[in-house]
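Structure data (mmCIF, C-alpha atoms (C1' of nucleotides)) from upload_20.cif:
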```
data_structure
loop_
_atom_site.label_atom_id
_atom_site.label_comp_id
_atom_site.auth_asym_id
_atom_site.auth_seq_id
_atom_site.Cartn_x
_atom_site.Cartn_y
_atom_site.Cartn_z
CA MET S 6 -4.75 -77.43 -5.78
CA THR S 7 -1.55 -76.07 -7.28
CA SER S 8 0.56 -78.92 -8.53
CA PRO S 9 3.82 -78.86 -6.56
CA ASN S 10 5.83 -79.60 -9.65
CA THR S 11 4.61 -76.64 -11.62
CA ARG S 12 5.00 -74.41 -8.63
CA GLU S 13 8.58 -75.51 -8.12
CA ALA S 14 9.33 -75.08 -11.79
CA ILE S 15 7.94 -71.57 -11.70
CA LEU S 16 10.04 -70.66 -8.67
CA ALA S 17 13.19 -72.07 -10.20
CA ALA S 18 12.69 -70.27 -13.47
CA ALA S 19 11.63 -67.03 -11.83
CA SER S 20 14.62 -66.95 -9.45
CA GLU S 21 17.02 -67.26 -12.30
CA LEU S 22 15.31 -64.66 -14.43
CA TYR S 23 15.02 -62.19 -11.59
CA ALA S 24 18.65 -62.64 -10.66
CA ASP S 25 19.71 -62.09 -14.22
CA ARG S 26 17.62 -59.15 -15.18
CA GLY S 27 15.90 -57.74 -12.12
CA TYR S 28 12.32 -57.84 -10.98
CA ASP S 29 11.00 -55.06 -13.16
CA ALA S 30 12.65 -56.27 -16.31
CA VAL S 31 11.17 -59.75 -16.04
CA SER S 32 7.55 -59.92 -17.06
CA MET S 33 5.05 -62.52 -16.07
CA ARG S 34 5.06 -63.44 -19.74
CA ASP S 35 8.79 -64.13 -19.51
CA VAL S 36 8.37 -66.40 -16.53
CA ALA S 37 5.49 -68.22 -18.15
CA ALA S 38 7.48 -68.73 -21.33
CA ALA S 39 10.39 -70.17 -19.37
CA VAL S 40 8.12 -72.76 -17.81
CA ALA S 41 6.23 -73.30 -21.05
CA ILE S 42 2.81 -72.45 -19.70
CA GLN S 43 0.43 -69.61 -20.38
CA PRO S 44 0.83 -66.36 -18.45
CA ALA S 45 -2.63 -66.66 -17.01
CA SER S 46 -1.74 -69.95 -15.37
CA LEU S 47 0.81 -68.25 -13.16
CA TYR S 48 -2.02 -66.53 -11.38
CA HIS S 49 -3.36 -69.84 -10.28
CA HIS S 50 -0.17 -70.43 -8.25
CA PHE S 51 0.64 -66.91 -7.13
CA LYS S 52 -1.72 -64.12 -6.32
CA ASP S 53 0.24 -61.52 -8.24
CA LYS S 54 3.76 -60.63 -9.34
CA ASP S 55 4.77 -59.41 -5.91
CA ALA S 56 3.86 -62.71 -4.30
CA LEU S 57 5.89 -64.54 -6.90
CA ILE S 58 8.94 -62.38 -6.22
CA LEU S 59 8.76 -62.96 -2.49
CA ALA S 60 8.32 -66.70 -2.88
CA ALA S 61 11.27 -66.86 -5.28
CA LEU S 62 13.52 -65.02 -2.83
CA GLU S 63 12.63 -67.30 0.04
CA HIS S 64 13.08 -70.33 -2.16
CA VAL S 65 16.69 -69.44 -2.94
CA PHE S 66 17.91 -68.18 0.40
CA SER S 67 16.70 -70.97 2.57
CA ALA S 68 18.90 -73.48 0.76
CA ARG S 69 22.24 -71.76 1.49
CA ALA S 70 22.45 -71.18 5.21
CA ALA S 71 22.84 -74.77 6.37
CA PRO S 72 26.16 -75.56 4.62
CA ALA S 73 27.72 -72.35 5.94
CA ARG S 74 26.70 -73.21 9.46
CA ASP S 75 28.15 -76.67 9.13
CA ILE S 76 31.52 -75.34 8.06
CA LEU S 77 31.66 -72.85 10.92
CA LEU S 78 30.76 -75.45 13.53
CA GLU S 79 32.88 -78.32 12.31
CA ASP S 80 35.21 -80.09 14.69
CA ARG S 81 38.39 -78.47 13.43
CA PRO S 82 40.76 -75.76 14.61
CA PRO S 83 39.25 -72.28 14.35
CA GLY S 84 41.83 -71.09 11.85
CA LYS S 85 40.91 -73.90 9.48
CA ARG S 86 37.25 -73.21 9.88
CA LEU S 87 37.72 -69.55 9.06
CA ASP S 88 39.66 -70.45 5.94
CA ALA S 89 37.07 -72.98 4.90
CA PHE S 90 34.28 -70.49 5.44
CA ILE S 91 35.98 -67.85 3.32
CA ASP S 92 36.65 -70.40 0.61
CA TRP S 93 33.05 -71.50 0.66
CA LEU S 94 31.56 -68.00 0.61
CA VAL S 95 33.83 -66.80 -2.17
CA ARG S 96 32.98 -69.88 -4.20
CA LEU S 97 29.30 -69.37 -3.58
CA TYR S 98 29.35 -65.78 -4.81
CA PHE S 99 31.68 -66.65 -7.58
CA ASP S 100 30.02 -69.71 -9.01
CA ASP S 101 26.45 -68.84 -8.33
CA ALA S 102 25.99 -65.53 -10.05
CA ALA S 103 22.26 -65.83 -9.73
CA PHE S 104 22.50 -66.06 -5.97
CA ALA S 105 24.95 -63.19 -5.82
CA ARG S 106 22.62 -60.93 -7.71
CA LEU S 107 19.63 -61.96 -5.71
CA THR S 108 21.50 -61.08 -2.54
CA ILE S 109 22.14 -57.61 -3.77
CA ARG S 110 18.66 -57.15 -5.08
CA GLY S 111 17.41 -58.17 -1.69
CA LEU S 112 19.61 -55.53 -0.08
CA LEU S 113 18.62 -52.94 -2.61
CA ASP S 114 14.97 -53.46 -3.33
CA GLY S 115 13.91 -55.26 -0.22
CA ASN S 116 11.69 -53.36 2.11
CA ASP S 117 12.57 -53.23 5.78
CA GLU S 118 10.20 -55.99 6.73
CA ARG S 119 11.80 -58.35 4.26
CA LYS S 120 15.28 -57.44 5.47
CA ALA S 121 14.39 -57.92 9.10
CA TYR S 122 12.92 -61.29 8.29
CA LEU S 123 16.02 -62.38 6.41
CA ALA S 124 18.34 -61.04 9.09
CA THR S 125 16.73 -62.82 12.01
CA THR S 126 16.16 -66.12 10.24
CA VAL S 127 18.77 -66.87 7.61
CA ILE S 128 21.61 -64.43 8.20
CA ASP S 129 21.95 -64.72 11.93
CA SER S 130 22.27 -68.47 11.70
CA VAL S 131 25.56 -67.83 9.91
CA PHE S 132 26.53 -64.61 11.60
CA ALA S 133 26.37 -65.90 15.15
CA PRO S 134 28.76 -68.85 14.70
CA LEU S 135 31.09 -66.67 12.63
CA SER S 136 31.29 -64.10 15.43
CA GLN S 137 31.95 -66.86 17.92
CA LEU S 138 34.72 -68.23 15.75
CA ILE S 139 36.39 -64.85 15.53
CA SER S 140 36.30 -64.36 19.25
CA GLU S 141 38.18 -67.65 19.56
CA LEU S 142 40.81 -66.48 17.11
CA SER S 143 41.52 -63.04 18.48
CA ALA S 144 40.73 -61.22 21.65
CA ALA S 145 41.94 -57.93 20.21
CA VAL S 146 39.10 -57.29 17.77
CA ASP S 147 35.37 -56.77 17.99
CA PRO S 148 33.93 -60.13 16.89
CA GLY S 149 30.64 -58.76 15.58
CA LEU S 150 32.13 -55.93 13.59
CA THR S 151 34.84 -58.17 12.25
CA ALA S 152 32.33 -60.79 11.18
CA ALA S 153 30.40 -58.07 9.42
CA SER S 154 33.59 -56.92 7.73
CA ILE S 155 34.48 -60.36 6.46
CA ILE S 156 31.07 -60.84 4.92
CA SER S 157 31.09 -57.29 3.57
CA LEU S 158 34.48 -57.85 2.04
CA ILE S 159 33.40 -60.92 0.12
CA VAL S 160 30.03 -59.58 -0.89
CA GLY S 161 31.68 -56.33 -1.93
CA HIS S 162 34.29 -58.13 -4.00
CA SER S 163 31.69 -60.18 -5.76
CA GLN S 164 30.01 -57.00 -6.87
CA VAL S 165 32.79 -54.72 -7.85
CA ALA S 166 34.56 -57.52 -9.67
CA SER S 167 32.38 -57.19 -12.74
CA THR S 168 33.45 -53.57 -13.06
CA PHE S 169 37.02 -53.82 -11.81
CA VAL S 170 37.95 -56.40 -14.40
CA HIS S 171 37.62 -53.59 -16.91
CA LEU S 172 40.30 -51.53 -15.22
CA PRO S 173 43.45 -51.04 -17.26
CA ARG S 174 45.44 -53.24 -14.87
CA LYS S 175 46.00 -56.91 -14.55
CA LEU S 176 43.94 -57.99 -11.60
CA ARG S 177 43.59 -61.51 -12.74
CA ALA S 178 42.81 -62.78 -9.26
CA LEU S 179 39.48 -61.01 -9.43
CA GLY S 180 38.42 -63.43 -12.12
CA GLU S 181 39.55 -66.63 -10.41
CA ALA S 182 37.82 -67.87 -7.29
CA ASP S 183 40.85 -69.64 -5.85
CA ALA S 184 43.17 -66.71 -6.31
CA LEU S 185 40.68 -64.25 -4.93
CA SER S 186 39.97 -66.54 -2.03
CA ALA S 187 43.67 -66.80 -1.22
CA HIS S 188 44.01 -63.06 -1.26
CA ILE S 189 41.03 -62.54 1.00
CA LYS S 190 42.18 -65.18 3.45
CA GLY S 191 45.51 -63.41 3.70
CA PHE S 192 43.89 -60.03 4.07
CA VAL S 193 41.63 -61.23 6.87
CA ARG S 194 44.26 -63.32 8.62
CA ARG S 195 46.71 -60.46 8.80
CA SER S 196 43.98 -58.27 10.15
CA LEU S 197 43.33 -60.80 12.90
CA GLY S 198 47.01 -61.13 13.70
CA LEU S 199 47.29 -64.66 12.31
CA SER S 200 50.30 -64.43 10.10
CA ASN S 201 50.13 -67.45 7.86
CA PRO S 202 47.60 -70.16 6.98
CA SER S 203 49.31 -73.08 8.64
CA GLU S 204 50.35 -71.62 11.97
CA ALA S 205 47.02 -70.05 12.77
CA ALA S 206 45.14 -73.01 14.09
CA PRO S 207 45.56 -73.53 17.82
CA MET I 30 21.36 -26.25 -28.93
CA THR I 31 20.32 -27.96 -25.71
CA SER I 32 20.13 -25.38 -22.98
CA PRO I 33 22.71 -26.36 -20.38
CA ASN I 34 20.38 -25.55 -17.55
CA THR I 35 17.64 -27.88 -18.65
CA ARG I 36 20.13 -30.59 -19.35
CA GLU I 37 21.62 -30.27 -15.90
CA ALA I 38 18.20 -30.24 -14.32
CA ILE I 39 17.27 -33.40 -16.16
CA LEU I 40 20.44 -35.15 -15.06
CA ALA I 41 19.98 -34.12 -11.44
CA ALA I 42 16.39 -35.26 -11.35
CA ALA I 43 17.07 -38.48 -13.22
CA SER I 44 19.99 -39.45 -10.97
CA GLU I 45 17.89 -39.14 -7.91
CA LEU I 46 14.96 -41.03 -9.35
CA TYR I 47 17.14 -43.82 -10.68
CA ALA I 48 18.92 -44.16 -7.35
CA ASP I 49 15.64 -44.38 -5.53
CA ARG I 50 13.70 -46.70 -7.73
CA GLY I 51 15.96 -48.21 -10.36
CA TYR I 52 16.25 -47.63 -14.06
CA ASP I 53 13.35 -49.74 -15.20
CA ALA I 54 10.94 -48.39 -12.65
CA VAL I 55 11.55 -44.80 -13.65
CA SER I 56 9.84 -43.82 -16.88
CA MET I 57 10.75 -40.99 -19.16
CA ARG I 58 7.45 -39.50 -18.12
CA ASP I 59 8.56 -39.56 -14.48
CA VAL I 60 11.76 -37.75 -15.28
CA ALA I 61 9.96 -35.20 -17.39
CA ALA I 62 7.44 -34.57 -14.63
CA ALA I 63 10.22 -34.02 -12.11
CA VAL I 64 11.73 -31.33 -14.31
CA ALA I 65 8.33 -29.95 -15.26
CA ILE I 66 8.74 -30.37 -18.98
CA GLN I 67 7.01 -32.58 -21.50
CA PRO I 68 8.29 -36.12 -22.07
CA ALA I 69 8.98 -35.42 -25.70
CA SER I 70 11.38 -32.64 -24.77
CA LEU I 71 13.70 -35.11 -23.11
CA TYR I 72 14.46 -36.53 -26.51
CA HIS I 73 15.88 -33.23 -27.59
CA HIS I 74 18.61 -33.58 -24.96
CA PHE I 75 19.14 -37.31 -24.97
CA LYS I 76 18.83 -39.72 -27.85
CA ASP I 77 16.92 -42.32 -25.84
CA LYS I 78 16.47 -43.64 -22.33
CA ASP I 79 19.71 -45.54 -22.40
CA ALA I 80 21.68 -42.42 -23.21
CA LEU I 81 19.99 -40.61 -20.35
CA ILE I 82 20.90 -43.35 -17.90
CA LEU I 83 24.52 -43.33 -18.96
CA ALA I 84 24.75 -39.56 -18.77
CA ALA I 85 23.14 -39.56 -15.33
CA LEU I 86 25.61 -42.15 -14.08
CA GLU I 87 28.55 -40.23 -15.43
CA HIS I 88 27.18 -37.02 -14.00
CA VAL I 89 27.08 -38.44 -10.50
CA PHE I 90 30.28 -40.42 -10.51
CA SER I 91 32.57 -37.85 -12.00
CA ALA I 92 31.55 -35.34 -9.35
CA ARG I 93 32.86 -37.67 -6.64
CA ALA I 94 36.09 -38.83 -8.20
CA ALA I 95 37.91 -35.50 -8.00
CA PRO I 96 37.78 -35.12 -4.19
CA ALA I 97 38.92 -38.72 -3.75
CA ARG I 98 41.86 -38.13 -6.03
CA ASP I 99 42.79 -35.01 -4.13
CA ILE I 100 42.85 -36.83 -0.82
CA LEU I 101 44.98 -39.64 -2.19
CA LEU I 102 47.50 -37.30 -3.76
CA GLU I 103 47.78 -34.76 -0.99
CA ASP I 104 51.17 -33.80 0.37
CA ARG I 105 50.93 -35.84 3.55
CA PRO I 106 52.38 -39.09 4.85
CA PRO I 107 50.84 -42.15 3.12
CA GLY I 108 49.36 -43.47 6.35
CA LYS I 109 47.43 -40.25 6.88
CA ARG I 110 46.24 -40.26 3.30
CA LEU I 111 44.96 -43.79 3.61
CA ASP I 112 43.06 -42.92 6.77
CA ALA I 113 41.63 -39.82 5.20
CA PHE I 114 40.54 -41.74 2.12
CA ILE I 115 38.76 -44.36 4.20
CA ASP I 116 37.09 -41.67 6.27
CA TRP I 117 35.97 -39.91 3.15
CA LEU I 118 34.65 -42.99 1.37
CA VAL I 119 32.78 -44.27 4.40
CA ARG I 120 31.22 -40.85 4.86
CA LEU I 121 30.28 -40.70 1.22
CA TYR I 122 28.46 -44.01 1.30
CA PHE I 123 26.99 -43.24 4.64
CA ASP I 124 25.68 -39.77 4.06
CA ASP I 125 24.80 -40.01 0.42
CA ALA I 126 22.31 -42.83 0.22
CA ALA I 127 21.36 -41.90 -3.31
CA PHE I 128 24.94 -42.28 -4.46
CA ALA I 129 25.29 -45.55 -2.62
CA ARG I 130 22.28 -46.97 -4.38
CA LEU I 131 23.38 -45.69 -7.71
CA THR I 132 26.70 -47.44 -7.25
CA ILE I 133 25.00 -50.71 -6.63
CA ARG I 134 22.59 -50.27 -9.45
CA GLY I 135 25.49 -49.53 -11.72
CA LEU I 136 27.14 -52.75 -10.64
CA LEU I 137 23.95 -54.71 -10.85
CA ASP I 138 22.02 -53.42 -13.81
CA GLY I 139 24.78 -51.92 -15.85
CA ASN I 140 25.60 -53.65 -19.06
CA ASP I 141 29.20 -54.44 -19.79
CA GLU I 142 29.71 -51.48 -22.02
CA ARG I 143 28.56 -49.14 -19.29
CA LYS I 144 30.81 -50.80 -16.74
CA ALA I 145 33.83 -50.71 -18.97
CA TYR I 146 33.24 -47.05 -19.65
CA LEU I 147 32.96 -46.20 -15.97
CA ALA I 148 35.96 -48.32 -15.07
CA THR I 149 38.34 -46.74 -17.53
CA THR I 150 37.20 -43.17 -16.97
CA VAL I 151 36.02 -42.51 -13.43
CA ILE I 152 37.06 -45.47 -11.33
CA ASP I 153 40.61 -45.79 -12.48
CA SER I 154 41.26 -42.17 -11.60
CA VAL I 155 40.76 -43.20 -7.97
CA PHE I 156 42.00 -46.74 -8.20
CA ALA I 157 45.40 -45.92 -9.62
CA PRO I 158 46.48 -43.47 -6.90
CA LEU I 159 45.08 -45.77 -4.24
CA SER I 160 47.17 -48.66 -5.53
CA GLN I 161 50.20 -46.43 -5.61
CA LEU I 162 49.57 -45.36 -2.04
CA ILE I 163 49.35 -48.95 -0.86
CA SER I 164 52.58 -49.89 -2.55
CA GLU I 165 54.21 -47.09 -0.58
CA LEU I 166 52.80 -48.43 2.66
CA SER I 167 53.64 -52.08 2.30
CA ALA I 168 55.85 -54.11 0.04
CA ALA I 169 54.33 -57.34 1.30
CA VAL I 170 50.92 -57.10 -0.33
CA ASP I 171 49.59 -56.90 -3.85
CA PRO I 172 48.69 -53.22 -4.25
CA GLY I 173 45.99 -53.72 -6.86
CA LEU I 174 44.20 -56.52 -5.05
CA THR I 175 44.48 -54.70 -1.77
CA ALA I 176 43.07 -51.52 -3.26
CA ALA I 177 40.21 -53.57 -4.63
CA SER I 178 39.67 -55.08 -1.20
CA ILE I 179 39.55 -51.75 0.58
CA ILE I 180 36.95 -50.41 -1.81
CA SER I 181 35.04 -53.70 -1.70
CA LEU I 182 35.06 -53.63 2.08
CA ILE I 183 33.52 -50.19 2.29
CA VAL I 184 31.05 -50.70 -0.52
CA GLY I 185 30.10 -54.04 0.98
CA HIS I 186 29.57 -52.55 4.40
CA SER I 187 27.39 -49.81 3.04
CA GLN I 188 25.12 -52.41 1.53
CA VAL I 189 24.83 -55.07 4.14
CA ALA I 190 24.42 -52.47 6.87
CA SER I 191 20.74 -51.98 6.13
CA THR I 192 20.16 -55.67 6.75
CA PHE I 193 22.71 -56.29 9.49
CA VAL I 194 21.22 -53.64 11.74
CA HIS I 195 18.28 -56.02 12.10
CA LEU I 196 20.46 -58.73 13.57
CA PRO I 197 19.77 -59.58 17.19
CA ARG I 198 23.10 -58.13 18.31
CA LYS I 199 24.38 -54.73 19.18
CA LEU I 200 26.41 -53.63 16.22
CA ARG I 201 25.93 -49.97 16.85
CA ALA I 202 29.01 -49.03 14.88
CA LEU I 203 27.25 -50.08 11.70
CA GLY I 204 24.90 -47.18 12.15
CA GLU I 205 27.49 -44.50 12.87
CA ALA I 206 29.89 -43.36 10.22
CA ASP I 207 32.70 -42.42 12.58
CA ALA I 208 32.61 -45.67 14.50
CA LEU I 209 32.42 -47.75 11.35
CA SER I 210 35.22 -45.75 9.82
CA ALA I 211 37.42 -46.32 12.87
CA HIS I 212 36.77 -50.04 12.71
CA ILE I 213 37.56 -50.24 9.01
CA LYS I 214 40.73 -48.21 9.38
CA GLY I 215 41.90 -50.61 12.06
CA PHE I 216 40.95 -53.63 9.99
CA VAL I 217 42.84 -52.37 6.96
CA ARG I 218 45.84 -51.08 8.88
CA ARG I 219 46.38 -54.36 10.65
CA SER I 220 46.11 -56.13 7.34
CA LEU I 221 48.84 -53.90 5.95
CA GLY I 222 51.04 -54.42 8.97
CA LEU I 223 50.59 -50.86 10.23
CA SER I 224 49.71 -51.40 13.82
CA ASN I 225 48.21 -48.10 14.95
CA PRO I 226 47.02 -44.88 13.37
CA SER I 227 49.73 -42.58 14.64
CA GLU I 228 52.84 -44.61 14.04
CA ALA I 229 52.01 -45.61 10.51
CA ALA I 230 53.06 -42.54 8.64
CA PRO I 231 56.67 -42.66 7.51
"C1'" DG M 12 -4.94 -76.52 -13.54
"C1'" DT M 13 -4.32 -74.95 -17.82
"C1'" DC M 14 -6.05 -72.92 -21.66
"C1'" DT M 15 -7.90 -68.75 -25.05
"C1'" DA M 16 -9.30 -64.26 -25.28
"C1'" DT M 17 -9.30 -59.80 -23.90
"C1'" DA M 18 -9.50 -55.36 -21.15
"C1'" DC M 19 -6.83 -51.58 -20.13
"C1'" DG M 20 -3.21 -48.69 -18.89
"C1'" DC M 21 1.72 -47.57 -19.16
"C1'" DG M 22 5.96 -46.69 -21.51
"C1'" DG M 23 9.21 -45.45 -25.33
"C1'" DA M 24 9.47 -42.91 -29.07
"C1'" DT M 25 8.29 -39.82 -33.22
"C1'" DA M 26 5.95 -36.03 -36.17
"C1'" DG M 27 5.34 -31.64 -36.72
"C1'" DA M 28 3.51 -26.99 -35.05
"C1'" DC M 29 5.14 -22.91 -32.67
"C1'" DG Q 26 13.81 -26.00 -27.37
"C1'" DT Q 27 9.53 -26.95 -25.96
"C1'" DC Q 28 5.08 -28.00 -26.97
"C1'" DT Q 29 0.63 -31.12 -28.46
"C1'" DA Q 30 -0.82 -35.16 -30.41
"C1'" DT Q 31 -0.30 -39.71 -31.40
"C1'" DC Q 32 1.43 -44.53 -32.66
"C1'" DC Q 33 2.10 -48.91 -31.02
"C1'" DG Q 34 3.79 -52.60 -28.41
"C1'" DC Q 35 4.26 -54.56 -23.83
"C1'" DG Q 36 2.78 -55.77 -19.23
"C1'" DT Q 37 -0.49 -57.00 -15.49
"C1'" DA Q 38 -4.43 -59.03 -14.62
"C1'" DT Q 39 -9.18 -61.10 -15.19
"C1'" DA Q 40 -13.18 -63.89 -17.30
"C1'" DG Q 41 -14.64 -67.93 -18.48
"C1'" DA Q 42 -14.28 -72.34 -21.37
"C1'" DC Q 43 -12.40 -77.05 -21.09
#
```

As a first step, turn the structure in this file into structure tokens.
Amino acid sequence: MTSPNTREAILAAASELYADRGYDAVSMRDVAAAVAIQPASLYHHFKDKDALILAALEHVFSARAAPARDILLEDRPPGKRLDAFIDWLVRLYFDDAAFARLTIRGLLDGNDERKAYLATTVIDSVFAPLSQLISELSAAVDPGLTAASIISLIVGHSQVASTFVHLPRKLRALGEADALSAHIKGFVRRSLGLSNPSEAAP
Amino acid sequence: MTSPNTREAILAAASELYADRGYDAVSMRDVAAAVAIQPASLYHHFKDKDALILAALEHVFSARAAPARDILLEDRPPGKRLDAFIDWLVRLYFDDAAFARLTIRGLLDGNDERKAYLATTVIDSVFAPLSQLISELSAAVDPGLTAASIISLIVGHSQVASTFVHLPRKLRALGEADALSAHIKGFVRRSLGLSNPSEAAP
DNA sequence: GTCTATACGCGGATAGAC
DNA sequence: GTCTATCCGCGTATAGAC
């Protein structure tokens, strides 16, 4: 029962729609239309709208953690790995607007159970190696809090950017992943006491 | 026309409801019920739902901008002002969960027109003095980008906190405004090249 | 597994009396 | 300015044929 192909297609379409417009604003009719099936058919694959939302969330998040982990654990100097991680995360939030929005919706709309599940499975698999990396780079800072700050900084930037670009100032870097990434790397490095990109790697 | 009291009551009730449940999930009937008037009466005060949302957003945001501005422009050394601003903003996002959610919803659900309006009116009134302050503190960084980073950092923290507290680590500071504030002040100060809180003020 | 048809309530919005 | 009454479309969900 439940053809895998249709199910996958539904999840792909639903993720994108939800990310774009939010859970409430996307009707089952919308999802069905995007997959070119009848609304009633959705209910063959998912019990109700809530089940579809949860499945869509899981579908998206599980794909992202592995690459991040790889970067953090690579066989390179810690300074390089930190840079690479920041580059990767900025790019992810920059290029994949759907993912960025889903992240926030998860933080905003997710109930505690959902958050706890995400934290212990997906997030910690990135958070733990990042904390470890920071402790290798500086003994003067709290690795956990600093890891949280780095992620917060990037996630925060990805959100405020859409509003800040309207400010009556030229903050062009906010609209270019590479420029923003360079700025954030500098910001974080200085905070860790690593003055410039090339000298930092022991 | 339009009794100011009723209008205010509507805005107060609507802000809270929107923050809690999102724009889509809150019906005009819900708002009306919260104010104990009939749904139709809302349309005497606001043209349609969209106008109500915008007015509610403005209502909340403009009330917060003035104190922030005051802190940034006080007659104190720049280092002290920066610390005070961070303290204040962390507290705001920490204590006022409704405001925190409304911020995110504004970033997430707001259409471009809404964002541009908020950016040029409310946000810039805080952003401009903050940039100015940073340029006084350090000639080595881009004031605009750094201002954006400081705000992003705090906004980001306020959001991820609800998920990060579920991590299998002791990040107690994420749950205490003062501790988080201290960490962020240190993070930012180091990034600006101001080593410790007391020496920084010229 | 996907379709057609349909029940049924909710939500935005307006008309017009008071 | 607030009310009652009402229009009408949209959204979730189910029944049952193919």

Open item on the list: Under the rule that all atoms listed in the file are counted, which of I:Leu102, I:Leu221, I:Val189, I:Ala62 is the nearest residue to Pro172 in chain I?
Closed with: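 Residue with the minimum atom-to-atom distance to Pro172 in chain I: I:Leu221.
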
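Across the structure, CA of Ala153 in chain S and CA of Leu209 in chain I are spaced 10.7 Å apart.
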
Skipping near chain neighbours, those fewer than 4 positions away, what residues fall within 9 Å of Ile163 in chain I using all atoms listed in the file, listed as a PDB file with C-alpha atoms, in the coordinates of the input?
```pdb
ATOM      1  CA  PRO I 107      50.840 -42.150   3.120  1.00  0.00           C
ATOM      2  CA  LEU I 111      44.960 -43.790   3.610  1.00  0.00           C
ATOM      3  CA  PRO I 158      46.480 -43.470  -6.900  1.00  0.00           C
ATOM      4  CA  LEU I 159      45.080 -45.770  -4.240  1.00  0.00           C
ATOM      5  CA  SER I 167      53.640 -52.080   2.300  1.00  0.00           C
ATOM      6  CA  ALA I 168      55.850 -54.110   0.040  1.00  0.00           C
ATOM      7  CA  VAL I 170      50.920 -57.100  -0.330  1.00  0.00           C
ATOM      8  CA  ASP I 171      49.590 -56.900  -3.850  1.00  0.00           C
ATOM      9  CA  PRO I 172      48.690 -53.220  -4.250  1.00  0.00           C
ATOM     10  CA  GLY I 173      45.990 -53.720  -6.860  1.00  0.00           C
ATOM     11  CA  THR I 175      44.480 -54.700  -1.770  1.00  0.00           C
ATOM     12  CA  ALA I 176      43.070 -51.520  -3.260  1.00  0.00           C
ATOM     13  CA  LEU I 221      48.840 -53.900   5.950  1.00  0.00           C
TER      14      LEU I 221
END
```

TODO: With a cut-off of 6 Å and counting all atoms listed in the file, select all residues of chain S in contact with chain I and give the selection as a list in words.
DONE: Lys120, Ala121, Ala124, Thr125, Ser157, Leu158, Val160, Gly161, His162, Thr168, His171, Leu172, Phe192, Arg195 and Ser196 of chain S

Please write out, as JSON, where the centre of an axis-aligned box around all listed atoms of range 139-149 of chain S lies and how long its edges are, in Å to one decimal, after adding 5 Å on each side.
```
{"center_x": 36.3, "center_y": -62.2, "center_z": 18.6, "size_x": 21.3, "size_y": 20.9, "size_z": 16.1}
```

Task: Atom-to-atom span, CA of Glu63 in chain S and CA of Leu16 in chain S, Å - done: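 CA of Leu16 in chain S lies at a distance of 9.7 Å from CA of Glu63 in chain S.
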
TODO: Spell out the residues picked by the PyMOL selection byres ((chain M and resi 19-26) around 12) here, as number ranges by chain.
DONE: I: 53-59, 68-73, 75-79; M: 17-18, 27-28; Q: 29-39

Open item on the list: I'd like the interatomic distance between CA of Ser91 in chain I and CA of Gln161 in chain I, to a tenth of an Å.
Closed with: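 These two atoms are separated by 20.6 Å.
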
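Closest approach to DG12 in chain M from the set S:Leu22, S:Leu62, S:Ile42, S:Gly180 is made by S:Ile42, with distances taken over only C-alpha atoms (C1' of nucleotides).
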
Open item on the list: Given all atoms listed in the file as the basis, pick out the residue of I:Ile100, I:Ala211, I:Ala65, I:Leu121 nearest to DT27 in chain Q.
Closed with: I:Ala65

Do you know which residues lie at most 10 Å from (-12.1, -70.4, -22.8), with coordinates as in the file and all atoms listed in the file counted, and could you write them as a tab-separated table (two decimals) with C-alpha atoms (C1' of nucleotides), keeping the file's coordinate frame?
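As written to disk, out00.tsv reads:
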```tsv
chain	number	residue	atom	x	y	z
M	14	DC	C1'	-6.05	-72.92	-21.66
M	15	DT	C1'	-7.90	-68.75	-25.05
M	16	DA	C1'	-9.30	-64.26	-25.28
Q	40	DA	C1'	-13.18	-63.89	-17.30
Q	41	DG	C1'	-14.64	-67.93	-18.48
Q	42	DA	C1'	-14.28	-72.34	-21.37
Q	43	DC	C1'	-12.40	-77.05	-21.09
```

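On the file presented, the PyMOL selection byres ((chain S and resi 19) around 8) picks out Ile15, Leu16, Ala17, Ala18, Ser20, Glu21, Leu22, Tyr23, Val36, Leu57, Ile58 and Ala61 of chain S.
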
Atom completion result for range 53-57 of chain S (N, CA, C and O atoms) as a short mmCIF file (atom, residue, chain, number, x, y, z; two decimals), in the frame of the given file:
```
data_model
loop_
_atom_site.label_atom_id
_atom_site.label_comp_id
_atom_site.auth_asym_id
_atom_site.auth_seq_id
_atom_site.Cartn_x
_atom_site.Cartn_y
_atom_site.Cartn_z
N ASP S 53 -0.18 -62.54 -7.28
CA ASP S 53 0.24 -61.52 -8.24
C ASP S 53 1.77 -61.54 -8.36
O ASP S 53 2.43 -62.38 -7.75
N LYS S 54 2.31 -60.63 -9.10
CA LYS S 54 3.76 -60.63 -9.34
C LYS S 54 4.55 -60.47 -8.04
O LYS S 54 5.59 -61.10 -7.86
N ASP S 55 4.06 -59.65 -7.17
CA ASP S 55 4.77 -59.41 -5.91
C ASP S 55 4.89 -60.70 -5.08
O ASP S 55 5.94 -60.98 -4.50
N ALA S 56 3.84 -61.45 -5.05
CA ALA S 56 3.86 -62.71 -4.30
C ALA S 56 4.87 -63.68 -4.92
O ALA S 56 5.56 -64.42 -4.21
N LEU S 57 4.94 -63.67 -6.22
CA LEU S 57 5.89 -64.54 -6.90
C LEU S 57 7.33 -64.15 -6.56
O LEU S 57 8.17 -65.01 -6.28
#
```
